[in-house]
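Contents: one structure, followed by commentary.
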Amino acid sequence: MIPRYATPSMTAVWSDEARWSAALRVELAVLDAQAATGEVPADAVAVIRAKAKVDVARINELERTTDHDVVAFVNQLAESVGPEGRWIHHGLTSSDVVDTALALQMRDAAALIDAGLSTLLSTIIRRAREERDTIMIGRTHGMHAEPTTMGAKMANWAFEVARARERITLAAAEAATGKISGPVGTYSQISPEIERVALAALGLRADQASTQIVQRDRHAAFVAAIAIAGGTLERIATEIRHLQRSEVDEMREPFRTGQAGSSAMPQKRNPIKSERIAGLARLLRGYAAAAMENQPLWHERDISHSSAERILLPDATSLLAFMVESLNGVIDGAEIRREQMRRNLDAGLGLYGASRLLTALVDAGVQRDVAYRQVQNVSAHARERLMHLQAAVVQDREINSVLSTEKLREIFDERGATQHAGLLVDRLTQLD
């Protein structure tokens with residue numbers, strides 16, 4: 001991932017140093033298990049543990065000759081150890097090390113994502129509680145609908161982020177699967193007991209029936225969960241973008257001193273962080289598609305998945321971590337414009353009361369199709385004449401003869417429409 005969209009902690013997880021250090025952990029876990037069974041001399045393993053060091057530059061140098069990174073890695077380790085180095089990679093195939101080390105990296109990446117989502121969730125919950133009773137107009141199809149609250153809107157975000165977090169947790173747990181089962185997964189040169197002991201030491205589950213590799217449905221599910229989480233962040237970011245539009249102006253991204261919105265228009269204050277999140281989410285969906293393409297490999301394996309994974313796994317996890325951190329900053333510092341929400345609600349001419357008016361007429365005994373036509377007509381009349389709908393209803397004899405003045409006041413009191421909205425915020429205790 002390019003530095004612009006990467007976090008230092010996630011970059012460290014996917015560095016060459018981290019990759020080969022994870023591979024060394026796998027080799028050592030296998031050697032410990034082999035020493036315990038007497039398959040490898042225990043004193044040799046002790047020497048290997050003391051001397052084995054990863055040298056990325058030397059691995060890269062050797063790979064220019066071997067054209068095989070794992071062979072270069074094993075040879076470099078052996079060089080760093082001396083004669084006892086011959087026991088390194090004893091009975092293993094490359095994917096025993098590569099796939100098991102990759103599982104360790106994915107687990108580390110998932111832990112960073114989980115921490116970020118936890119922070120984001122806490123921020124959204126806090127802001128939702130702050131805006132629990134802040135009334136605003138709800139919108140469907142981009143048009144005024146019924147009143148809602150900012151708190152209810154943010155509660156909706158929080159529960160979706162919580163689901164994204166749970167989805168990634170489950171997928172990451174499944175992806176934390178290794179294999180130490182040899183060239184085609186049949187334990188031809190290494191015993192199932194070695195696999196059990198080594199993977200237990202690494203905190204990984206063992207693939208129940210591997211081939212030369214861990215099957216890629218697990219990796220596909222992990223990246224799909226990441227892409228779905230990206231879609232959640234994009235949905236929230238898109239909402240923020242719409243609320244910051246000049247014609248709406250109900251919520252604004254934080255804007256620091258010295259920040260510029262446009263090179264040509266100094267007055268601009270654009271929702272650039274939310275727009276960036278929306279753009280990066282598109283990449284995540286592309287990575288999910290590539291991860292799914294990696295599933296149908298030939299026979300016990302081919303290598304077509306490898307090149308794609310070297311890009312998509314670091315990039316997908318890095319992008320999501322960056323997006324989560326960015327959105328957290330947006331929501332944490334967002335300016336909620338309550339007065340503008342009030343102005344926009346009032347500018348709707350009370351048309352938000354139309355659905356409650358329809359229900360009241362039906363409750364009063366009017367046939368629904370008749371009531372619907374009556375409300376539709378009086379709403380059109382109010383809109384055309386820029387009248388408040390309640391005033392237009394007062395002038396409408398058909399409706400006025402059925403509903404009392406007191407009932408009309410109740411219908412057009414937005415507090416009645418949002419009387420249960422606070423419940424959505426109160427339900428956030430389920431996430432505490």
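Residue numbers start at 1 in each chain; chains themselves are named A, B, ... in the order of the structure tokens; ligands are numbered from 1 in the order shown.
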
For range 5-16 of chain A, please output as a PyMOL selection string all residues within 9 Å (counting only C-alpha atoms; exclusion window: fewer than 6 positions along the same chain).
chain A and resi 56+105-106+108-109+112-113+313-315+317-319+321-323+325

Could you write those residues out with N, CA and C atoms, as a short mmCIF file (atom, residue, chain, number, x, y, z; two decimals), in the first residue's frame?
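To be explicit, this is the file written out as part_8.cif:
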```
data_model
loop_
_atom_site.label_atom_id
_atom_site.label_comp_id
_atom_site.auth_asym_id
_atom_site.auth_seq_id
_atom_site.Cartn_x
_atom_site.Cartn_y
_atom_site.Cartn_z
N VAL A 56 16.84 -9.88 5.58
CA VAL A 56 16.03 -9.67 4.38
C VAL A 56 16.89 -9.38 3.17
N GLN A 105 0.28 -13.47 10.13
CA GLN A 105 0.18 -12.08 9.70
C GLN A 105 -1.27 -11.62 9.60
N MET A 106 -2.15 -12.46 9.08
CA MET A 106 -3.56 -12.09 8.99
C MET A 106 -4.15 -11.89 10.38
N ASP A 108 -2.54 -10.90 13.05
CA ASP A 108 -2.03 -9.61 13.56
C ASP A 108 -2.76 -8.44 12.90
N ALA A 109 -2.97 -8.55 11.59
CA ALA A 109 -3.68 -7.49 10.87
C ALA A 109 -5.11 -7.35 11.38
N LEU A 112 -5.32 -5.44 14.63
CA LEU A 112 -5.23 -3.99 14.46
C LEU A 112 -6.55 -3.42 13.96
N ILE A 113 -7.17 -4.11 13.02
CA ILE A 113 -8.47 -3.66 12.51
C ILE A 113 -9.50 -3.66 13.62
N LEU A 313 -3.87 -8.89 0.16
CA LEU A 313 -4.00 -9.02 1.62
C LEU A 313 -3.38 -7.84 2.37
N PRO A 314 -2.14 -7.45 2.04
CA PRO A 314 -1.62 -6.24 2.71
C PRO A 314 -2.43 -4.99 2.38
N ASP A 315 -2.83 -4.85 1.12
CA ASP A 315 -3.55 -3.65 0.73
C ASP A 315 -4.94 -3.58 1.35
N THR A 317 -6.17 -5.02 4.10
CA THR A 317 -6.12 -4.76 5.55
C THR A 317 -5.61 -3.35 5.84
N SER A 318 -4.62 -2.91 5.07
CA SER A 318 -4.08 -1.56 5.28
C SER A 318 -5.11 -0.49 4.98
N LEU A 319 -5.83 -0.67 3.86
CA LEU A 319 -6.84 0.32 3.49
C LEU A 319 -7.94 0.40 4.54
N ALA A 321 -7.83 -0.38 7.72
CA ALA A 321 -7.31 0.25 8.94
C ALA A 321 -7.23 1.77 8.77
N PHE A 322 -6.77 2.21 7.61
CA PHE A 322 -6.69 3.65 7.33
C PHE A 322 -8.07 4.27 7.29
N MET A 323 -9.01 3.62 6.63
CA MET A 323 -10.37 4.15 6.51
C MET A 323 -11.04 4.27 7.88
N GLU A 325 -9.56 4.60 10.82
CA GLU A 325 -8.92 5.69 11.56
C GLU A 325 -9.39 7.05 11.04
#
```

List every residue of range 145-378 of chain A that DSSP, applied to the backbone of this structure, places in alpha helix (DSSP H), and write the result as a PyMOL selection string. chain A and resi 150-175+192-202+217-244+272-293+304-333+338-347+354-363+368-378

- Task: For Ser304 in chain A, please output as a PyMOL selection string all residues within 12 Å (counting only C-alpha atoms; exclusion window: fewer than 6 positions along the same chain).
- Result: chain A and resi 216+290-291+293-298+310

- Task: Would you kindly return, as a list in words, each protein, DNA or RNA residue with an atom no farther than 12 Å from any atom of Gly416 in chain A, considering only C-alpha atoms and excluding same-chain residues fewer than 2 positions away?
- Result: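 Skipping anything fewer than 2 positions along the chain leaves Ile135, Glu146, Pro147, Thr148, Tyr352, Gly353, Arg356, Lys407, Leu408, Arg409, Glu410, Ile411, Phe412, Asp413, Glu414, Thr418, Gln419, His420, Ala421 and Gly422 of chain A.
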
Go ahead and save the picked residues with N, CA and C atoms, as a tab-separated table (two decimals), in the first residue's frame.
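Result went into result22.tsv, see below:
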```
chain	number	residue	atom	x	y	z
A	135	ILE	N	-33.48	16.76	16.93
A	135	ILE	CA	-34.45	16.48	15.86
A	135	ILE	C	-33.97	17.03	14.53
A	146	GLU	N	-40.02	11.82	7.13
A	146	GLU	CA	-40.53	12.14	8.46
A	146	GLU	C	-39.38	12.57	9.35
A	147	PRO	N	-39.64	13.26	10.45
A	147	PRO	CA	-38.57	13.64	11.36
A	147	PRO	C	-37.89	12.43	11.98
A	148	THR	N	-36.63	12.59	12.24
A	148	THR	CA	-35.86	11.59	12.98
A	148	THR	C	-34.96	12.36	13.93
A	352	TYR	N	-43.96	16.68	6.44
A	352	TYR	CA	-43.60	15.45	7.14
A	352	TYR	C	-44.77	14.87	7.93
A	353	GLY	N	-45.81	15.68	8.17
A	353	GLY	CA	-46.97	15.18	8.92
A	353	GLY	C	-47.96	14.43	8.07
A	356	ARG	N	-48.74	10.76	9.14
A	356	ARG	CA	-49.50	10.69	10.38
A	356	ARG	C	-50.93	11.19	10.17
A	407	LYS	N	-56.36	17.37	17.58
A	407	LYS	CA	-55.76	16.23	16.88
A	407	LYS	C	-54.76	16.71	15.84
A	408	LEU	N	-55.08	17.79	15.15
A	408	LEU	CA	-54.17	18.32	14.14
A	408	LEU	C	-52.87	18.83	14.78
A	409	ARG	N	-52.99	19.46	15.95
A	409	ARG	CA	-51.78	19.91	16.64
A	409	ARG	C	-50.90	18.71	17.00
A	410	GLU	N	-51.52	17.64	17.42
A	410	GLU	CA	-50.79	16.42	17.77
A	410	GLU	C	-50.09	15.84	16.55
A	411	ILE	N	-50.79	15.82	15.43
A	411	ILE	CA	-50.23	15.25	14.20
A	411	ILE	C	-48.99	16.01	13.75
A	412	PHE	N	-49.02	17.34	13.86
A	412	PHE	CA	-47.93	18.15	13.33
A	412	PHE	C	-46.89	18.52	14.38
A	413	ASP	N	-46.93	17.89	15.52
A	413	ASP	CA	-45.90	18.07	16.54
A	413	ASP	C	-44.80	17.03	16.27
A	414	GLU	N	-43.64	17.51	15.81
A	414	GLU	CA	-42.59	16.56	15.43
A	414	GLU	C	-42.11	15.73	16.61
A	418	THR	N	-41.09	11.58	16.81
A	418	THR	CA	-39.80	11.07	17.27
A	418	THR	C	-39.83	10.60	18.72
A	419	GLN	N	-41.02	10.36	19.24
A	419	GLN	CA	-41.12	10.03	20.66
A	419	GLN	C	-40.40	8.75	21.04
A	420	HIS	N	-40.23	7.84	20.08
A	420	HIS	CA	-39.54	6.57	20.37
A	420	HIS	C	-38.13	6.54	19.80
A	421	ALA	N	-37.70	7.63	19.16
A	421	ALA	CA	-36.37	7.63	18.53
A	421	ALA	C	-35.26	7.44	19.56
A	422	GLY	N	-35.46	7.98	20.75
A	422	GLY	CA	-34.45	7.82	21.79
A	422	GLY	C	-34.20	6.39	22.17
```

Q.
When you look at Ala44 in chain A with a cut-off of 10 Å (counting only C-alpha atoms), what residues show up, excluding the ones that are within fewer than 5 positions of it in the same chain? I need them as a list in words.
A. Leu31, Ala35, Arg49, Ala50, Val81, Pro83, Glu84, Gly85, Arg86, Trp87 and Ile88 of chain A

Using only C-alpha atoms, which protein or nucleic acid residues come within 12 Å of Gln208 in chain A? Drop anything in the same chain fewer than 3 positions from it, and give the result as a list of chain:residue names.
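So, after excluding close chain neighbours, the residues are A:Glu174, A:Thr177, A:Gly178, A:Lys179, A:Ile180, A:Ser181, A:Gly185, A:Thr186, A:Pro192, A:Glu195, A:Arg196, A:Arg205, A:Thr211, A:Ile213, A:Val214, A:Gln215.
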
With N, CA and C atoms retained, write the just-selected residues as a PDB file, in the first residue's frame.
```
ATOM      1  N   GLU A 174     -11.330 -17.948  11.489  1.00  0.00           N
ATOM      2  CA  GLU A 174     -11.280 -19.051  10.531  1.00  0.00           C
ATOM      3  C   GLU A 174     -10.001 -18.983   9.701  1.00  0.00           C
ATOM      4  N   THR A 177      -5.607 -20.309  10.358  1.00  0.00           N
ATOM      5  CA  THR A 177      -5.471 -21.751  10.150  1.00  0.00           C
ATOM      6  C   THR A 177      -4.152 -22.024   9.442  1.00  0.00           C
ATOM      7  N   GLY A 178      -3.391 -22.948   9.989  1.00  0.00           N
ATOM      8  CA  GLY A 178      -2.135 -23.333   9.358  1.00  0.00           C
ATOM      9  C   GLY A 178      -2.156 -24.780   8.926  1.00  0.00           C
ATOM     10  N   LYS A 179      -1.064 -25.206   8.332  1.00  0.00           N
ATOM     11  CA  LYS A 179      -0.910 -26.614   7.949  1.00  0.00           C
ATOM     12  C   LYS A 179       0.564 -26.980   7.943  1.00  0.00           C
ATOM     13  N   ILE A 180       0.866 -28.127   8.489  1.00  0.00           N
ATOM     14  CA  ILE A 180       2.214 -28.695   8.465  1.00  0.00           C
ATOM     15  C   ILE A 180       2.027 -30.146   8.026  1.00  0.00           C
ATOM     16  N   SER A 181       1.693 -30.328   6.762  1.00  0.00           N
ATOM     17  CA  SER A 181       1.273 -31.658   6.310  1.00  0.00           C
ATOM     18  C   SER A 181       1.953 -32.117   5.031  1.00  0.00           C
ATOM     19  N   GLY A 185      -0.376 -32.629   1.453  1.00  0.00           N
ATOM     20  CA  GLY A 185      -1.258 -32.657   2.603  1.00  0.00           C
ATOM     21  C   GLY A 185      -1.460 -34.021   3.226  1.00  0.00           C
ATOM     22  N   THR A 186      -0.610 -34.990   2.895  1.00  0.00           N
ATOM     23  CA  THR A 186      -0.809 -36.368   3.376  1.00  0.00           C
ATOM     24  C   THR A 186       0.189 -36.776   4.454  1.00  0.00           C
ATOM     25  N   PRO A 192       1.331 -36.135  11.727  1.00  0.00           N
ATOM     26  CA  PRO A 192       0.243 -35.251  12.184  1.00  0.00           C
ATOM     27  C   PRO A 192       0.488 -34.700  13.583  1.00  0.00           C
ATOM     28  N   GLU A 195       2.411 -31.483  13.418  1.00  0.00           N
ATOM     29  CA  GLU A 195       1.512 -30.392  13.045  1.00  0.00           C
ATOM     30  C   GLU A 195       0.702 -29.930  14.250  1.00  0.00           C
ATOM     31  N   ARG A 196       0.150 -30.876  14.973  1.00  0.00           N
ATOM     32  CA  ARG A 196      -0.704 -30.526  16.118  1.00  0.00           C
ATOM     33  C   ARG A 196       0.075 -29.717  17.145  1.00  0.00           C
ATOM     34  N   ARG A 205      -5.256 -22.908  14.465  1.00  0.00           N
ATOM     35  CA  ARG A 205      -5.955 -24.164  14.249  1.00  0.00           C
ATOM     36  C   ARG A 205      -5.322 -24.881  13.065  1.00  0.00           C
ATOM     37  N   THR A 211      -4.406 -29.542   1.328  1.00  0.00           N
ATOM     38  CA  THR A 211      -3.643 -30.098   0.208  1.00  0.00           C
ATOM     39  C   THR A 211      -2.217 -29.617   0.440  1.00  0.00           C
ATOM     40  N   ILE A 213      -1.668 -26.651   0.319  1.00  0.00           N
ATOM     41  CA  ILE A 213      -1.954 -25.335   0.886  1.00  0.00           C
ATOM     42  C   ILE A 213      -3.179 -25.391   1.801  1.00  0.00           C
ATOM     43  N   VAL A 214      -3.356 -24.327   2.542  1.00  0.00           N
ATOM     44  CA  VAL A 214      -4.625 -24.073   3.216  1.00  0.00           C
ATOM     45  C   VAL A 214      -5.578 -23.530   2.156  1.00  0.00           C
ATOM     46  N   GLN A 215      -6.761 -24.108   2.074  1.00  0.00           N
ATOM     47  CA  GLN A 215      -7.675 -23.707   1.000  1.00  0.00           C
ATOM     48  C   GLN A 215      -8.115 -22.257   1.150  1.00  0.00           C
TER      49      GLN A 215
END
```

Spatial neighbours of range 252-255 of chain A, 10 Å, only C-alpha atoms, chain gap at least 2 places, as an mmCIF file with N, CA and C atoms, in the first residue's frame:
```
data_model
loop_
_atom_site.group_PDB
_atom_site.id
_atom_site.type_symbol
_atom_site.label_atom_id
_atom_site.label_comp_id
_atom_site.auth_asym_id
_atom_site.auth_seq_id
_atom_site.Cartn_x
_atom_site.Cartn_y
_atom_site.Cartn_z
ATOM 1 N N ILE A 240 -22.508 11.534 5.490
ATOM 2 C CA ILE A 240 -21.855 12.762 5.939
ATOM 3 C C ILE A 240 -21.668 13.714 4.764
ATOM 4 N N ARG A 241 -21.283 13.185 3.616
ATOM 5 C CA ARG A 241 -21.122 14.028 2.423
ATOM 6 C C ARG A 241 -22.424 14.728 2.056
ATOM 7 N N HIS A 242 -23.522 13.978 2.085
ATOM 8 C CA HIS A 242 -24.815 14.588 1.758
ATOM 9 C C HIS A 242 -25.217 15.637 2.793
ATOM 10 N N LEU A 243 -24.975 15.349 4.058
ATOM 11 C CA LEU A 243 -25.355 16.301 5.101
ATOM 12 C C LEU A 243 -24.499 17.559 5.067
ATOM 13 N N GLN A 244 -23.325 17.504 4.428
ATOM 14 C CA GLN A 244 -22.457 18.680 4.347
ATOM 15 C C GLN A 244 -22.726 19.505 3.089
ATOM 16 N N ARG A 245 -23.559 19.025 2.183
ATOM 17 C CA ARG A 245 -23.870 19.798 0.984
ATOM 18 C C ARG A 245 -24.360 21.199 1.362
ATOM 19 N N ASP A 249 -26.244 21.319 4.795
ATOM 20 C CA ASP A 249 -25.367 21.951 5.793
ATOM 21 C C ASP A 249 -25.743 21.607 7.229
ATOM 22 N N GLU A 250 -26.073 20.346 7.479
ATOM 23 C CA GLU A 250 -26.460 19.922 8.827
ATOM 24 C C GLU A 250 -25.308 19.279 9.597
ATOM 25 N N THR A 257 -7.239 24.683 11.178
ATOM 26 C CA THR A 257 -6.650 25.953 10.788
ATOM 27 C C THR A 257 -5.552 25.720 9.758
ATOM 28 N N GLY A 258 -5.611 26.450 8.679
ATOM 29 C CA GLY A 258 -4.616 26.316 7.623
ATOM 30 C C GLY A 258 -5.003 25.348 6.527
ATOM 31 N N GLN A 259 -6.061 24.573 6.758
ATOM 32 C CA GLN A 259 -6.500 23.631 5.736
ATOM 33 C C GLN A 259 -7.114 24.391 4.565
ATOM 34 N N ALA A 260 -6.922 23.867 3.349
ATOM 35 C CA ALA A 260 -7.476 24.496 2.145
ATOM 36 C C ALA A 260 -8.494 23.561 1.507
ATOM 37 N N GLY A 261 -9.592 24.132 1.007
ATOM 38 C CA GLY A 261 -10.614 23.330 0.362
ATOM 39 C C GLY A 261 -10.476 23.272 -1.141
ATOM 40 N N ARG A 269 -15.127 24.395 1.647
ATOM 41 C CA ARG A 269 -14.855 23.493 2.768
ATOM 42 C C ARG A 269 -15.470 22.151 2.369
ATOM 43 N N ASN A 270 -14.679 21.321 1.743
ATOM 44 C CA ASN A 270 -15.187 20.094 1.124
ATOM 45 C C ASN A 270 -15.052 18.884 2.045
ATOM 46 N N PRO A 271 -15.960 17.914 1.931
ATOM 47 C CA PRO A 271 -15.898 16.699 2.762
ATOM 48 C C PRO A 271 -14.898 15.693 2.183
ATOM 49 N N ILE A 272 -13.636 16.087 2.121
ATOM 50 C CA ILE A 272 -12.655 15.288 1.385
ATOM 51 C C ILE A 272 -12.358 13.942 2.046
ATOM 52 N N LYS A 273 -12.393 13.892 3.359
ATOM 53 C CA LYS A 273 -12.093 12.624 4.033
ATOM 54 C C LYS A 273 -13.197 11.602 3.773
ATOM 55 N N SER A 274 -14.423 12.051 3.815
ATOM 56 C CA SER A 274 -15.534 11.146 3.522
ATOM 57 C C SER A 274 -15.498 10.699 2.064
ATOM 58 N N LEU A 327 -12.275 7.775 9.406
ATOM 59 C CA LEU A 327 -13.679 8.026 9.732
ATOM 60 C C LEU A 327 -13.840 8.335 11.212
ATOM 61 N N GLY A 329 -11.778 9.981 13.031
ATOM 62 C CA GLY A 329 -11.440 11.393 13.178
ATOM 63 C C GLY A 329 -12.541 12.314 12.693
ATOM 64 N N VAL A 330 -13.195 11.915 11.597
ATOM 65 C CA VAL A 330 -14.295 12.720 11.053
ATOM 66 C C VAL A 330 -15.441 12.806 12.054
ATOM 67 N N ILE A 331 -15.875 11.659 12.558
ATOM 68 C CA ILE A 331 -17.035 11.640 13.457
ATOM 69 C C ILE A 331 -16.698 12.273 14.807
ATOM 70 N N ASP A 332 -15.492 12.027 15.285
ATOM 71 C CA ASP A 332 -15.094 12.578 16.580
ATOM 72 C C ASP A 332 -15.128 14.105 16.558
ATOM 73 N N GLY A 333 -14.669 14.699 15.444
ATOM 74 C CA GLY A 333 -14.595 16.152 15.382
ATOM 75 C C GLY A 333 -15.684 16.805 14.555
ATOM 76 N N ALA A 334 -16.684 16.032 14.146
ATOM 77 C CA ALA A 334 -17.729 16.580 13.269
ATOM 78 C C ALA A 334 -18.517 17.690 13.966
ATOM 79 N N GLU A 335 -18.868 18.691 13.186
ATOM 80 C CA GLU A 335 -19.696 19.795 13.674
ATOM 81 C C GLU A 335 -21.161 19.472 13.364
ATOM 82 N N ILE A 336 -21.963 19.327 14.400
ATOM 83 C CA ILE A 336 -23.389 19.059 14.243
ATOM 84 C C ILE A 336 -24.121 20.399 14.307
ATOM 85 N N ARG A 337 -24.828 20.749 13.245
ATOM 86 C CA ARG A 337 -25.445 22.078 13.110
ATOM 87 C C ARG A 337 -26.943 21.987 13.424
#
```

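Distance annotation: of A:Ala360, A:Val184, A:Val40, A:Val70, the residue with the minimal separation from Asp302 in chain A is A:Val184; atom set is only C-alpha atoms.
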
Counting only C-alpha atoms, closest pick from A:Ser210, A:Arg25, A:Thr140, A:Leu280 relative to Glu300 in chain A is A:Ser210

Of A:Glu131, A:His68, A:Thr169, A:Ala201, the one sitting nearest Leu28 in chain A when using only C-alpha atoms is A:Ala201

**Asked** Quick one: distance from CA of Ile277 in chain A to CA of Ile228 in chain A in Å, one decimal?
**Response**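 Computing the Euclidean distance for CA of Ile277 in chain A and CA of Ile228 in chain A yields 13.2 Å.
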
Would you give me, as a list in words, the residues in range 144-360 of chain A that DSSP reads as strand (DSSP E or B)?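 Across range 144-360 of chain A, those assigned strand (DSSP E or B) are His144, Ala145, Glu146, Pro147, Thr148, Thr149, Thr177, Gly178, Arg205, Ala206, Met251, Arg252, Glu335 and Ile336 of chain A.
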
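Closest approach to Leu117 in chain A from the set A:Gly279, A:Gly91, A:Gly230, A:Gly182 is made by A:Gly230, with distances taken over only C-alpha atoms.
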
Counting only C-alpha atoms, the residue among A:Leu345, A:Val161, A:Ala72, A:Val54 that lies closest to Asp114 in chain A is A:Val161

As a check of understanding: the span from CA of Glu63 in chain A to CA of His89 in chain A is 16.9 Å
